>>> print(open('data.cif').read())   # mmCIF, C-alpha atoms
data_upload
loop_
_atom_site.label_atom_id
_atom_site.label_comp_id
_atom_site.auth_asym_id
_atom_site.auth_seq_id
_atom_site.Cartn_x
_atom_site.Cartn_y
_atom_site.Cartn_z
CA MET E 510 0.00 0.00 0.00
CA THR E 511 3.04 2.30 0.15
CA GLY E 512 3.11 4.78 -2.71
CA PHE E 513 3.68 8.36 -3.84
CA GLY E 514 2.40 10.31 -6.80
CA LYS E 515 2.74 13.91 -7.92
CA SER E 516 1.34 15.81 -10.86
CA VAL E 517 1.65 19.43 -11.99
CA SER E 518 -0.42 21.07 -14.71
CA GLU E 519 -0.26 24.59 -16.10
CA SER E 520 -2.67 26.63 -18.16
CA SER E 521 -2.60 30.25 -19.28
CA SER E 522 -4.10 31.34 -15.95
CA LEU E 523 -3.70 28.51 -13.44
CA THR E 524 -1.01 26.20 -12.06
CA VAL E 525 -2.22 23.11 -10.20
CA THR E 526 -0.07 20.79 -8.07
CA ALA E 527 -1.44 17.54 -6.61
CA GLU E 528 0.46 15.13 -4.34
CA VAL E 529 -0.72 11.75 -3.02
CA LYS E 530 1.16 9.77 -0.39
CA SER E 531 -0.04 6.37 0.81
CA LEU E 532 1.23 4.34 3.78
CA ASN E 533 0.29 0.89 5.06
CA SER E 534 -2.81 0.70 7.23
CA LYS E 535 -5.60 -1.79 7.97
CA PHE E 536 -8.19 0.89 7.28
CA THR E 537 -8.82 3.81 4.93
CA ASP E 538 -7.63 7.00 6.60
CA ILE E 539 -7.60 10.07 4.33
CA TYR E 540 -6.14 13.47 5.20
CA CYS E 541 -6.93 16.20 2.65
CA ARG E 542 -5.28 19.58 2.40
CA ILE E 543 -7.00 21.65 -0.29
CA PRO E 544 -7.65 25.37 -0.94
CA LYS E 545 -10.67 26.81 0.87
CA SER E 546 -12.21 27.79 -2.44
CA LEU E 547 -12.45 24.07 -3.28
CA SER E 548 -13.77 22.87 0.09
CA PHE E 549 -17.10 21.97 -1.51
CA ARG E 550 -15.20 19.52 -3.74
CA GLU E 551 -13.55 17.67 -0.85
CA ILE E 552 -16.06 14.81 -0.72
CA GLU E 553 -15.65 14.24 -4.46
CA ILE E 554 -11.86 14.15 -4.09
CA ARG E 555 -12.11 11.77 -1.13
CA ASN E 556 -14.32 9.42 -3.16
CA LEU E 557 -11.75 9.41 -5.97
CA LEU E 558 -8.97 8.51 -3.53
CA THR E 559 -11.03 5.78 -1.87
CA GLN E 560 -12.07 4.15 -5.14
CA ALA E 561 -8.58 4.22 -6.65
CA LEU E 562 -6.42 3.42 -3.61
CA GLU E 563 -8.95 1.36 -1.57
CA ARG E 564 -7.01 1.17 1.69
CA GLY E 565 -4.15 2.81 3.56
CA LYS E 566 -3.19 5.98 5.38
CA ILE E 567 -3.54 8.49 2.54
CA GLU E 568 -2.27 12.08 2.60
CA PHE E 569 -3.44 14.36 -0.19
CA ASN E 570 -2.19 17.90 -0.90
CA LEU E 571 -3.61 20.21 -3.56
CA THR E 572 -2.40 23.73 -4.35
CA THR E 573 -3.62 26.17 -6.98
CA ASN E 574 -1.76 29.30 -8.08
CA TYR E 575 -3.17 31.86 -10.50
CA THR E 576 -0.55 33.05 -12.97
CA ASP E 577 -2.96 35.70 -14.28
CA VAL E 578 -4.01 38.14 -11.54
CA ALA E 579 -7.19 39.02 -13.38
CA SER E 580 -8.22 35.37 -13.44
CA SER E 581 -7.80 34.85 -9.72
CA GLY E 582 -10.92 36.85 -8.97
CA THR E 583 -9.29 38.14 -5.78
CA SER E 584 -8.00 41.62 -4.98
CA ILE E 585 -7.20 43.67 -1.88
CA ASN E 586 -10.05 45.80 -0.57
CA ARG E 587 -7.87 48.92 -0.53
CA PRO E 588 -10.29 51.41 1.11
CA LEU E 589 -11.03 49.01 3.97
CA VAL E 590 -7.38 47.98 4.44
CA ASN E 591 -6.42 51.67 4.41
CA ALA E 592 -8.95 52.30 7.22
CA TYR E 593 -7.57 49.29 9.14
CA MET E 594 -4.01 50.62 8.77
CA LYS E 595 -4.97 54.11 9.94
CA ASP E 596 -6.65 52.70 13.04
CA LEU E 597 -3.77 50.32 13.80
CA ILE E 598 -1.17 53.13 13.48
CA GLU E 599 -3.17 55.48 15.72
CA SER E 600 -3.71 52.72 18.30
CA SER E 601 0.00 51.86 18.22
CA GLU E 602 1.00 55.50 18.85
CA GLU E 603 -1.63 55.90 21.56
CA PHE E 604 -0.37 52.90 23.52
CA TYR E 605 3.31 53.75 22.91
CA ALA E 606 3.85 50.48 21.05
CA ASP E 607 6.49 49.93 18.41
CA GLY E 608 4.32 50.05 15.29
CA ASP E 609 6.28 48.43 12.47
CA ARG E 610 4.31 49.38 9.33
CA VAL E 611 5.01 46.03 7.61
CA GLU E 612 3.75 44.06 10.59
CA LEU E 613 0.68 46.27 10.91
CA PHE E 614 -0.04 45.72 7.21
CA LYS E 615 0.13 41.95 7.71
CA ILE E 616 -2.35 42.26 10.57
CA ALA E 617 -4.65 44.42 8.43
CA LEU E 618 -4.73 41.76 5.71
CA THR E 619 -5.99 39.17 8.20
CA LEU E 620 -8.95 41.29 9.30
CA PRO E 621 -12.49 40.64 7.95
CA ASN E 622 -13.23 41.50 4.31
CA ALA E 623 -9.65 42.59 3.60
CA PHE E 624 -9.96 40.92 0.20
CA ASN E 625 -12.53 41.31 -2.53
CA THR E 626 -13.47 37.96 -4.02
CA GLU E 627 -15.21 37.99 -7.33
CA VAL E 628 -17.20 34.92 -8.25
CA ALA E 629 -15.75 33.35 -11.36
CA SER E 630 -18.03 32.74 -14.28
CA GLU E 631 -19.63 29.31 -14.48
CA GLU E 632 -17.70 28.52 -17.64
CA GLN E 633 -14.36 29.56 -16.09
CA ALA E 634 -15.04 27.59 -12.90
CA GLU E 635 -15.85 24.46 -14.93
CA THR E 636 -12.70 24.81 -17.03
CA GLU E 637 -10.56 25.21 -13.91
CA TRP E 638 -12.19 22.19 -12.22
CA LYS E 639 -11.52 20.00 -15.27
CA GLN E 640 -7.86 20.96 -15.08
CA ILE E 641 -7.76 20.30 -11.33
CA LEU E 642 -9.57 16.96 -11.69
CA LYS E 643 -7.16 15.77 -14.38
CA THR E 644 -4.18 16.74 -12.22
CA VAL E 645 -5.63 14.86 -9.23
CA ASN E 646 -6.28 11.75 -11.34
CA ASP E 647 -2.75 11.90 -12.77
CA ALA E 648 -1.27 12.07 -9.24
CA ILE E 649 -3.41 9.10 -8.17
CA ALA E 650 -2.29 7.16 -11.26
CA GLU E 651 1.36 7.84 -10.38
CA CYS E 652 0.74 6.65 -6.82
CA THR E 653 -0.89 3.47 -8.16
CA LYS E 654 2.13 2.81 -10.42
CA PHE E 655 4.40 3.26 -7.41
CA ARG E 656 2.27 0.75 -5.47
CA LEU E 657 2.45 -1.77 -8.30
CA ARG E 658 6.24 -1.52 -8.40
CA GLU E 659 6.40 -2.05 -4.64
CA GLY E 660 3.92 -4.91 -4.97
CA ALA E 661 6.09 -6.66 -7.57
CA ILE E 662 9.04 -6.54 -5.17
CA VAL E 663 6.93 -7.89 -2.28
CA SER E 664 5.51 -10.61 -4.55
CA GLY E 665 9.04 -11.75 -5.36
CA LYS E 666 9.84 -11.91 -1.66
CA PHE E 667 6.68 -13.94 -0.99
CA LEU E 668 7.71 -16.50 -3.61
CA GLU E 669 11.17 -16.65 -2.09
CA TYR E 670 9.78 -17.32 1.41
CA ILE E 671 7.19 -19.86 0.19
CA ASP E 672 9.80 -21.75 -1.84
CA LYS E 673 12.06 -21.83 1.20
CA ILE E 674 9.27 -23.34 3.31
CA GLY E 675 8.72 -25.85 0.49
CA GLU E 676 12.42 -26.80 0.57
CA LEU E 677 12.27 -27.20 4.34
CA LEU E 678 9.17 -29.37 3.97
CA THR E 679 11.12 -31.62 1.58
CA GLU E 680 13.82 -31.89 4.26
CA ALA E 681 11.14 -32.70 6.85
CA GLU E 682 9.74 -35.46 4.62
CA ALA E 683 13.23 -36.96 4.26
CA GLN E 684 13.87 -36.73 7.99
CA ASP E 685 10.48 -38.30 8.72
CA LYS E 686 11.69 -41.52 7.08
CA HIS E 687 14.54 -41.71 9.62
CA ARG E 688 12.38 -40.55 12.50
CA ILE E 689 9.78 -43.33 12.29
CA PRO E 690 12.27 -46.20 12.72
CA ALA E 691 13.75 -44.41 15.73
CA VAL E 692 10.28 -44.05 17.25
CA ARG E 693 9.57 -47.69 16.48
CA GLU E 694 12.74 -48.74 18.31
CA ARG E 695 11.77 -46.74 21.38
CA LEU E 696 8.32 -48.31 21.39
CA LYS E 697 9.81 -51.78 20.92
CA LYS E 698 12.11 -51.25 23.85
CA SER E 699 9.19 -50.10 26.00
CA VAL E 700 7.15 -53.14 24.92
CA THR E 701 10.00 -55.47 25.84
CA GLU E 702 10.13 -53.94 29.30
CA LEU E 703 6.36 -54.23 29.67
CA MET E 704 6.33 -57.88 28.59
CA GLY E 705 8.53 -58.70 31.53
CA ASP E 706 5.92 -57.25 33.85
CA GLU E 707 3.47 -59.86 35.16
CA GLU E 708 0.70 -57.27 35.34
CA PHE E 709 1.10 -56.39 31.64
CA ASP E 710 -2.28 -55.47 30.12
CA LYS E 711 -2.41 -56.24 26.37
CA ASN E 712 -5.57 -54.23 25.82
CA ARG E 713 -4.06 -51.17 27.45
CA PHE E 714 -0.90 -51.68 25.39
CA GLU E 715 -2.87 -51.70 22.13
CA GLN E 716 -4.58 -48.48 23.13
CA GLU E 717 -1.25 -46.86 23.94
CA LEU E 718 0.20 -48.08 20.64
CA ILE E 719 -2.66 -46.54 18.65
CA TYR E 720 -2.24 -43.31 20.62
CA TYR E 721 1.46 -43.05 19.81
CA ILE E 722 0.94 -43.87 16.13
CA GLU E 723 -1.60 -41.05 15.84
CA LYS E 724 0.54 -38.74 17.92
CA TYR E 725 3.68 -39.09 15.79
CA ASP E 726 2.15 -39.46 12.32
CA ILE E 727 2.49 -36.24 10.28
CA SER E 728 1.45 -37.60 6.88
CA GLU E 729 -1.74 -35.52 6.65
CA GLU E 730 -0.01 -32.36 7.87
CA LYS E 731 2.70 -32.70 5.20
CA VAL E 732 0.12 -33.10 2.43
CA ARG E 733 -1.99 -30.17 3.64
CA LEU E 734 1.05 -27.93 4.06
CA ARG E 735 2.24 -28.67 0.52
CA THR E 736 -1.26 -27.92 -0.79
CA HIS E 737 -1.39 -24.60 1.11
CA LEU E 738 2.01 -23.57 -0.27
CA ASN E 739 0.92 -24.22 -3.86
CA TYR E 740 -2.40 -22.43 -3.34
CA PHE E 741 -0.57 -19.45 -1.80
CA LYS E 742 1.28 -19.00 -5.11
CA ASP E 743 -2.01 -19.09 -7.05
CA VAL E 744 -3.62 -16.49 -4.78
CA LEU E 745 -0.51 -14.33 -5.02
CA LYS E 746 -1.21 -13.91 -8.75
CA GLU E 747 -4.67 -12.56 -7.85
CA GLY E 748 -3.20 -10.09 -5.35
CA ASN E 749 -5.84 -10.78 -2.71
CA GLY E 750 -4.33 -9.68 0.62
CA LYS E 751 -7.11 -11.10 2.79
CA LYS E 752 -6.77 -14.56 1.25
CA LEU E 753 -2.99 -14.44 1.63
CA ASN E 754 -3.37 -13.52 5.28
CA PHE E 755 -5.82 -16.37 5.85
CA LEU E 756 -3.56 -18.86 4.04
CA SER E 757 -0.55 -17.80 6.10
CA GLN E 758 -2.55 -18.67 9.22
CA GLU E 759 -3.42 -22.09 7.77
CA ILE E 760 0.23 -22.69 6.88
CA GLY E 761 1.22 -21.74 10.41
CA ARG E 762 -1.34 -24.18 11.84
CA GLU E 763 0.13 -27.11 9.88
CA ILE E 764 3.70 -26.17 10.77
CA ASN E 765 2.80 -25.96 14.47
CA THR E 766 1.12 -29.38 14.33
CA ILE E 767 4.18 -30.93 12.68
CA GLY E 768 6.31 -29.39 15.43
CA SER E 769 4.09 -30.73 18.21
CA LYS E 770 4.22 -34.26 16.71
CA ALA E 771 7.89 -34.20 15.73
CA ASN E 772 9.51 -35.86 18.75
CA ASP E 773 12.77 -35.43 16.85
CA VAL E 774 15.52 -32.84 17.31
CA ILE E 775 16.35 -32.42 13.62
CA LEU E 776 12.70 -32.15 12.64
CA GLN E 777 12.15 -29.54 15.36
CA ARG E 778 14.96 -27.44 13.93
CA ILE E 779 13.39 -27.65 10.48
CA VAL E 780 10.06 -26.51 11.96
CA VAL E 781 11.76 -23.52 13.63
CA ASN E 782 13.21 -22.47 10.27
CA MET E 783 9.78 -22.83 8.66
CA LYS E 784 8.28 -20.55 11.31
CA ASP E 785 11.00 -17.98 10.69
CA GLU E 786 10.13 -17.82 6.97
CA LEU E 787 6.41 -17.71 7.77
CA GLU E 788 6.88 -14.70 10.06
CA LYS E 789 8.45 -12.81 7.17
CA ILE E 790 5.31 -13.54 5.14
CA LYS E 791 2.95 -12.47 7.92
CA GLU E 792 4.75 -9.15 8.25
CA GLN E 793 3.78 -8.30 4.67
CA THR E 794 0.38 -9.93 4.06
CA SER E 795 -1.51 -7.30 6.07
CA ASN E 796 -0.06 -4.63 3.76
CA VAL E 797 -1.38 -6.23 0.57
CA LEU E 798 -4.76 -5.08 -0.74
#
>>> encode(input="data.cif", output="structure tokens")
Amino acid sequence: MTGFGKSVSESSSLTVTAEVKSLNSKFTDIYCRIPKSLSFREIEIRNLLTQALERGKIEFNLTTNYTDVASSGTSINRPLVNAYMKDLIESSEEFYADGDRVELFKIALTLPNAFNTEVASEEQAETEWKQILKTVNDAIAECTKFRLREGAIVSGKFLEYIDKIGELLTEAEAQDKHRIPAVRERLKKSVTELMGDEEFDKNRFEQELIYYIEKYDISEEKVRLRTHLNYFKDVLKEGNGKKLNFLSQEIGREINTIGSKANDVILQRIVVNMKDELEKIKEQTSNVL
């Protein structure tokens, strides 16, 4: 979801600059900074950002500068500002304050109705909005391109992590072939000791044997984990972040089960390495749309 886009457009009377910055977030959080004269367009701009960028912490900045003074429709209300200045100077002298004329002028410009604002013609306003809208869309498009480039990099990393888990699973399958005989030997030794016990209960022994077979068998977990890894790659092509997040949880569940049934030092180490790769995936899945 990380991205940045900027667009600048110029016409004979107006220069428009639009910037869009997007950061990772679980929700859509939009901060807009636009000229007051366009405040009535804010909802429209927000809808554009939501539809195009969907999710993330989005910061949008829009500035407009009139290159033609006559087109700006704004001018200083000279008679009123002159009256403000006269009053400010007299008040400054009356209260023995240091009345810097430049500072007093700045104050005068902030007072009510210091500017005359002429309403632009409907045709001019529409032309300006079309220019602004195109600039905003261009900035959003640049941000989307940035996101796609970042997404391609993350996608490559996902494949790298998934393939690594797949390699570790192959190692686990190979180790499982050595693990089972070792488990069988331990059980055989325990059986031999039990057979020498006069109170040996065959029925109880069969129950224990079934329990241990189920406890140590990881055949189903290996198959399911391999299936999840392959499906993860398919979903990655779709770019569905929610599905990837769900699949990473399923992958983690199978890895944890293999670890709990391992009863083997080497297999436990392989499981730890699998979890390490999976954590790298989980760090990124929440940032994919």
>>> closest_residue(input="data.cif", among="E:Ala623, E:Leu571, E:Val529, E:Val774", to="Glu651 of chain E", atoms="all atoms listed in the file")
E:Val529
>>> closest_residue(input="data.cif", among="E:Val732, E:Leu618, E:Leu776, E:Leu532", to="Ala683 of chain E", atoms="all atoms listed in the file")
E:Leu776
>>> resolve_selection(input="data.cif", expression="the PyMOL selection byres ((chain E and resi 667) around 10)", output="list in words")
Ala661, Ile662, Val663, Ser664, Gly665, Lys666, Leu668, Glu669, Tyr670, Ile671, Asp672, Lys673, Phe741, Lys742, Leu745, Glu786, Leu787, Lys789, Ile790, Lys791, Gln793 and Thr794 of chain E
>>> closest_residue(input="data.cif", among="E:Ser769, E:Asn782, E:Thr644, E:Ser795", to="Ser516 of chain E", atoms="only C-alpha atoms")
E:Thr644
>>> closest_residue(input="data.cif", among="E:Gln560, E:Thr524, E:Ser531, E:Asn754", to="Lys654 of chain E", atoms="all atoms listed in the file")
E:Ser531
>>> atom_distance(input="data.cif", atom1="atom CA of Glu632 of chain E", atom2="atom CA of Ala561 of chain E")
28.2 Å
>>> atom_distance(input="data.cif", atom1="atom CA of Leu753 of chain E", atom2="atom CA of Ile539 of chain E")
25.1 Å
>>> resolve_selection(input="data.cif", expression="the PyMOL selection byres ((chain E and resi 586-593) around 9)", output="short mmCIF file (atom, residue, chain, number, x, y, z; two decimals) with C-alpha atoms, in the coordinates of the input")
data_model
loop_
_atom_site.label_atom_id
_atom_site.label_comp_id
_atom_site.auth_asym_id
_atom_site.auth_seq_id
_atom_site.Cartn_x
_atom_site.Cartn_y
_atom_site.Cartn_z
CA SER E 584 -8.00 41.62 -4.98
CA ILE E 585 -7.20 43.67 -1.88
CA MET E 594 -4.01 50.62 8.77
CA LYS E 595 -4.97 54.11 9.94
CA ASP E 596 -6.65 52.70 13.04
CA LEU E 597 -3.77 50.32 13.80
CA ILE E 598 -1.17 53.13 13.48
CA LEU E 613 0.68 46.27 10.91
CA PHE E 614 -0.04 45.72 7.21
CA ILE E 616 -2.35 42.26 10.57
CA ALA E 617 -4.65 44.42 8.43
CA LEU E 618 -4.73 41.76 5.71
CA LEU E 620 -8.95 41.29 9.30
CA ASN E 622 -13.23 41.50 4.31
CA ALA E 623 -9.65 42.59 3.60
CA PHE E 624 -9.96 40.92 0.20
CA ASN E 625 -12.53 41.31 -2.53
#
>>> residues_around(input="data.cif", residues="Ile689 of chain E", least_positions_apart="2", cutoff="10 Å", atoms="only C-alpha atoms", output="ChimeraX atom specification")
/E:684-687,691-695,722,725-726,771-773
>>> resolve_selection(input="data.cif", expression="the PyMOL selection byres ((chain E and resi 681) around 10)", output="JSON, numbers by chain")
{"E": [675, 676, 677, 678, 679, 680, 682, 683, 684, 685, 686, 688, 727, 731, 767, 771, 775, 776, 777, 778, 779, 780]}
>>> residues_around(input="data.cif", residues="Ile554 of chain E", least_positions_apart="5", cutoff="9 Å", atoms="all atoms listed in the file", output="MDAnalysis selection string")
chainID E and resid 541 559 642 645
